[in-house]
Each structure stands twice: as C-alpha cells, then as structure tokens.
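Everything below concerns the one structure shown next.
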Amino acid sequence: MSVSRSDLIVFTGELARAKEILALLQEAGGRPFLVGGCVRDALMGLTPKDLDIEVYGIGSREIENALRKKFGIIKVGAAFGVTKVKDQPIDISVPRRENRTGVRHQDFEVQADPTMTYRDACERRDFTVNAILWNPFTGELVDPWNGLGDLKAKVLRHVSPKFSEDPLRVLRAMQFAARLEFSVAPETIQLCSTLTPQDLPAERIWEEWTKLILRGVKPSCGLHFLRACGWTKFFPELHAIIGVEQDSDWHPEGDVWNHTALCLDAYARERTHDTFEDTVVGLAVLLHDLGKATTTKREADGRIHAYGHEAESLPLAEKFLGRITRETKLIEAVLPLVRWHGQPLELYRAKAGDAAVRRLANKVGRIDRLVRVDSADRKGRGPKSFTEESPQGVWLLAKAQALQIASSVPKKIILGRHLIALGYQPAPWFSELLDAAYEAQMDGVFDNEAKGLVWLKERLAQRGV
C-alpha cells in the first residue's frame, strides 16, 4: 500500500531531523521504515515525540558505519540490534526474533535478523496499531496485521499469541487505552485475563501506571479495561472499591469505582504538565477513596455514609504505593493529600479562620495540590459536574494565597538562631519553646519577625530563663 505525504500527517520537525539519517541508511543498502508509535500517532494527527526506525536488508554493523559518518551513536547491544542516535530521540533497529527462555520478565533470547519478512518482524509487536511501517521516501505503508483498520475503529488488538510472552503488555493496554481513548478487543481482554504480573519488576509496573497518570487523556478507559480483564485483583486496594455503594443524591455516578474513574478523567483535563506535581495529584486522586471499602454503611434511614474513610484510606494508599514504587519523596507527598482530602469542604462549611488554614497547609505540604484533588473529587460525579468549579476549593485557595502558603507550609518565623542571638546557649528546652512559638504563629498571635521576637521575650520572661 502506498500513501502520499499529504495522506499521512507529516512529522514536521521530527521527520526533518530524521531525514538525513534515513538517507544514510538507504545509501548503505538498507530499507528504512518508520515504525511503531510514531507512525500510529502521525496517522492520528498527533506529533510524535520519539522516532523508531527499523531497517531491513542490512545488519547492525552496516547501520553503525553509515550513521558514524555524520552522527554520534550509542550501541544498546549487538544481540538486540538497536542503535541510538546521540542527543536525539531516535532509535534505529534491525528486525529481530524473540523467544522466551524462562518465567522472568527479562528471560528472552533475542536475535537480530535483517532478512525477516515484514509480517514476521511485526509479529513480536504488542498491538496491531503499533505494527504499521512507513517509508517516507516512497510513501509505502506496510500494514501486515490490519493496524489501519483497528486504528480507524479505535480498537487495541493484540498482534499474535506472542503477546502473552510479556504480561507487562496488559498494563501497556491499560495506559494506551487511556491515552488513545480506545476500547480493547474482546479477544485481547480474554487473553489478558489469562496472564499475571507475578514476575514483573515493580519499576516496570510503575512506569505503566505513571503513563496512565501523566499521559492518559481519559484514564477511566484504562481503569475499566483493567477491571474487564480481571487485573484489578492484583491491586487489591483498588479492587475493593468496585461495587461499593454511595449516596445517590451526592454521587449520581454510581459506586466508588466509577467515581474514582471519573475523578481521574477530571484530573486529566486539569494537568499542569509539571511531571512531579501531576504525578502526586493524579495518584492522590486515584487513591483518595480507598477507605470507603471498609467504612461504607447504610443507615437506618436508608442513607449511605462512609464516615472516617479519609483516615482509612491512608494505610491502604500506602500499601498500594509501596507495591509499585520506592520513591519516598513522592509517597510522602501523596499520602497527606489522601488523608486530608475532605478538609476543604469541612473548613468551607465551618467558614474556618486563618489558623485552621495554616494548620491544614502544615499537614498537607501544599494547599494548591489539595485544591486540585478537591476539584477532581467534586467533578467526578458524572458529566454534569465536569464544568462545575468547587466552591470550597476556590475559597480555600484564595485564603491560602492571601496567607502566602498556597504552595508551601508556613515557614517558621522564630528559630533557634533568635534564642542564640539573645545570648542563650543551645539547650533541650529550645525545642519545646520553638514548638510553642510555631503554634502561636499558627494561631495568628504574630505574623512577622518583630512581633515574634516580642512574643519570644515575653515567654522567656514568664519561664524565668
């Protein structure tokens, strides 16, 4: 099949950058094709960020010799037949055969083979939409597994039974469904249901979850696929919220699982594109209502409540995160947001004063993060709520900004150096007095250094120190 440049969305800067590389490979006797995600994205009208080039007809040594004429290269490994272009998001590979040799994720025997047919080479790929090749010189589009048909139908379908050799592909289906807003073919769901993540490294699992959180246009698509193929059972804290009822007046969207999925969709529409901040907030949104699985009760009047679910969510969120990541800084940022996600509404209803807002900032680290979680929580109640601003969030953020603590904890005004400046030597009682100073600051007794020093001298006089 042949496709003109006008038929296939042009790769703009990315293609221009690769043009010289493609020409060198062709001059060396190879048949270079753009392949995989870059072709898929281009066909969808998206601009690819990374380019993968697969070269038929020549081996790795010929590829390296051709590239060295004008580019620096990084050899990934002769067995894999992959070469990276230095300082550019471009990978060049030779078609390869892969055979599983053991039960571990990395137990594969890989053999580069530039003589493979297009169909055989693409058989090792995960989804048909990622198994399309395009030659930008000739316009030739090679589609041996009908990826174009599935792309048009917005369906993720596994290429072949080889899919099952790598269970990580189940989580790849999760994040691709979220990113592309695609459904997953019934036969692929069935195949995924026979696989387990038993031998997958935690860091690889974490990588797929972060792609869902950071790149999912509609994360609910990924979550619903995970449920459909039965893989939620491998994430028991999430699995437990499936079917947990909620009060229909406040939550017309249904159970806690549906609410969580819609909350993630709302979060995705409000990303800041700061990787760390979005990861923290996205994970907090995903995990904020885990405690409802154990606290939800139907009262005598028929109403459903989940009193105390915020506190119950904390240890469950910690277990989930501990299973997929060792990033302590991230976990420490997520957990307070889960624990205190109900506070914006509580403080708003109580029309709380500055002291309560300062104390909340001290608990969660950043009020602006908590407000983002609250916004997703409020908007995750069905399509009608998607455009609703959270009144408690607007109120709380304004209060925090006025107090200059929207993105940080209140900084301590009175420190040990102030006591030393007054002539005191460091002593055990310093800590007690400085803690009392911070409490007074939280209560609004003083809000600058001069007033703080007045308070400090008065307290020292009272102590007779």
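Chains: A, B, ... in order of the structure tokens. Residues: from 1 per chain. Ligands: from 1, in order shown.
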Can you tell me which residues surround segment 45-59 of chain A at a distance of at most 7 Å, considering only C-alpha atoms, apart from same-chain residues fewer than 5 positions away, and format the answer as a PyMOL selection string? chain A and resi 9+11+29-36+38+89-95+114-115
Out of segment 178-287 of chain A, which residues get alpha helix (DSSP H) from DSSP, as a PyMOL selection string? chain A and resi 178-180+186-192+202-215+219-228+236-239+256-268+275-287
Go ahead and write the selection's residues with C-alpha atoms as a short mmCIF file (atom, residue, chain, number, x, y, z; two decimals), in the first residue's frame.
data_model
loop_
_atom_site.label_atom_id
_atom_site.label_comp_id
_atom_site.auth_asym_id
_atom_site.auth_seq_id
_atom_site.Cartn_x
_atom_site.Cartn_y
_atom_site.Cartn_z
CA ALA A 178 -6.33 5.81 28.43
CA ARG A 179 -4.01 7.78 26.15
CA LEU A 180 -5.75 6.98 22.87
CA PRO A 186 -12.76 -8.82 23.38
CA GLU A 187 -10.23 -11.46 22.36
CA THR A 188 -7.42 -9.30 23.75
CA ILE A 189 -9.29 -8.83 27.03
CA GLN A 190 -9.73 -12.60 27.19
CA LEU A 191 -6.04 -13.22 26.56
CA CYS A 192 -5.05 -10.64 29.18
CA ALA A 202 7.99 -3.18 40.24
CA GLU A 203 9.76 -0.46 38.27
CA ARG A 204 8.18 -1.62 35.02
CA ILE A 205 4.73 -1.71 36.62
CA TRP A 206 5.35 1.78 37.98
CA GLU A 207 6.31 3.03 34.52
CA GLU A 208 2.96 1.96 33.05
CA TRP A 209 0.96 3.47 35.91
CA THR A 210 2.76 6.79 35.54
CA LYS A 211 1.95 6.82 31.82
CA LEU A 212 -1.72 6.39 32.73
CA ILE A 213 -1.47 9.21 35.27
CA LEU A 214 0.62 11.61 33.18
CA ARG A 215 -0.48 10.88 29.63
CA PRO A 219 -7.80 7.46 32.36
CA SER A 220 -11.17 5.83 33.00
CA CYS A 221 -10.72 3.86 29.75
CA GLY A 222 -7.61 2.25 31.20
CA LEU A 223 -9.19 1.53 34.58
CA HIS A 224 -12.29 -0.04 33.06
CA PHE A 225 -10.11 -2.27 30.87
CA LEU A 226 -8.15 -3.36 33.94
CA ARG A 227 -11.40 -4.34 35.59
CA ALA A 228 -12.70 -6.11 32.46
CA PRO A 236 -6.41 -5.31 45.91
CA GLU A 237 -6.85 -1.84 47.40
CA LEU A 238 -8.41 -0.67 44.12
CA HIS A 239 -10.28 -3.92 43.55
CA VAL A 256 -16.81 4.27 44.35
CA TRP A 257 -15.03 2.65 41.40
CA ASN A 258 -16.97 4.72 38.84
CA HIS A 259 -16.45 7.82 40.95
CA THR A 260 -12.70 7.25 41.06
CA ALA A 261 -12.53 6.70 37.30
CA LEU A 262 -14.44 9.92 36.62
CA CYS A 263 -12.30 11.82 39.13
CA LEU A 264 -9.20 10.76 37.19
CA ASP A 265 -10.79 11.98 33.96
CA ALA A 266 -11.46 15.33 35.61
CA TYR A 267 -7.87 15.50 36.90
CA ALA A 268 -6.56 14.72 33.39
CA THR A 275 5.67 15.91 35.94
CA PHE A 276 6.16 15.66 39.70
CA GLU A 277 3.15 17.76 40.63
CA ASP A 278 0.84 15.93 38.23
CA THR A 279 2.08 12.54 39.43
CA VAL A 280 1.46 13.48 43.07
CA VAL A 281 -2.02 14.86 42.43
CA GLY A 282 -3.00 12.11 39.99
CA LEU A 283 -2.06 9.35 42.43
CA ALA A 284 -3.86 11.12 45.27
CA VAL A 285 -6.99 11.28 43.12
CA LEU A 286 -6.68 7.59 42.23
CA LEU A 287 -6.34 6.56 45.88
#
When you look at Leu434 of chain A with a cut-off of 8 Å (counting only C-alpha atoms), what residues show up, excluding the ones that are within fewer than 2 positions of it in the same chain? I need them as a compact mmCIF listing (two decimals) with C-alpha atoms, in the first residue's frame.
# COMPACT_ATOMS: atom_id res chain seq x y z
CA ILE A 414 11.09 32.12 65.30
CA LEU A 415 14.13 29.85 65.11
CA GLY A 416 16.96 28.69 67.32
CA PHE A 430 14.89 25.12 72.94
CA SER A 431 12.72 22.57 71.14
CA GLU A 432 9.76 22.96 73.48
CA ALA A 436 5.23 26.72 71.22
CA ALA A 437 6.34 29.63 69.03
CA TYR A 438 5.21 27.81 65.92
Atom pair atom CA of Asn362 of chain A / atom CA of His341 of chain A: separation (Å): 13.9 Å
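Using only C-alpha atoms, the shortest contact distance between Asp150 of chain A and any of A:Tyr307, A:Met44, A:Thr138, A:Ala361 is found at A:Met44.
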Near segment 153-166 of chain A, within 7 Å and counting only C-alpha atoms, which residues show up once chain neighbours fewer than 3 positions away are dropped, as a ChimeraX atom specification? /A:100,105,123-128,145,149-150,169,182-185,188,195
Would you please work out which residue, of A:Ala300, A:Lys411, A:Trp455, A:Lys86, is nearest to Ala440 of chain A when using only C-alpha atoms? A:Trp455
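The nearest approach to Asn448 of chain A among the residues A:Ile413, A:Glu181, A:Val85, A:Glu327, with only C-alpha atoms taken into account, belongs to A:Ile413.
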Enumerate, as a ChimeraX atom specification, the complete set of residues in segment 103-195 of chain A that a backbone-based DSSP assignment places in strand (DSSP E or B). /A:108-112,127,133-134,140-142,155-156,158,183-184
For those residues, write C-alpha atoms to a file as a PDB file, in the first residue's frame.
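New file part-v3.pdb:
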ATOM      1  CA  PHE A 108      14.160 -13.633  26.411  1.00  0.00           C
ATOM      2  CA  GLU A 109      16.531 -14.789  23.725  1.00  0.00           C
ATOM      3  CA  VAL A 110      16.827 -12.048  21.103  1.00  0.00           C
ATOM      4  CA  GLN A 111      18.374 -12.472  17.688  1.00  0.00           C
ATOM      5  CA  ALA A 112      18.646  -9.704  15.119  1.00  0.00           C
ATOM      6  CA  PHE A 127      -0.843  -4.172  19.240  1.00  0.00           C
ATOM      7  CA  LEU A 133       5.599   0.646   8.930  1.00  0.00           C
ATOM      8  CA  TRP A 134       6.020   3.704   6.696  1.00  0.00           C
ATOM      9  CA  GLU A 140       5.000   2.872   1.126  1.00  0.00           C
ATOM     10  CA  LEU A 141       2.834   1.892   4.087  1.00  0.00           C
ATOM     11  CA  VAL A 142       3.205  -1.707   5.271  1.00  0.00           C
ATOM     12  CA  VAL A 155      -9.543  -0.609  18.981  1.00  0.00           C
ATOM     13  CA  LEU A 156      -6.482  -2.109  20.675  1.00  0.00           C
ATOM     14  CA  HIS A 158      -3.015  -7.935  20.137  1.00  0.00           C
ATOM     15  CA  SER A 183     -11.543   0.208  23.506  1.00  0.00           C
ATOM     16  CA  VAL A 184      -9.802  -3.166  23.791  1.00  0.00           C
TER      17      VAL A 184
END
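Taking only C-alpha atoms into account, Val357 of chain A lies nearest to A:Trp395 out of the set A:Trp429, A:Trp395, A:Phe386, A:Phe320.
Across the structure, atom CA of Gly342 of chain A and atom CA of Glu310 of chain A are spaced 7.0 Å apart.
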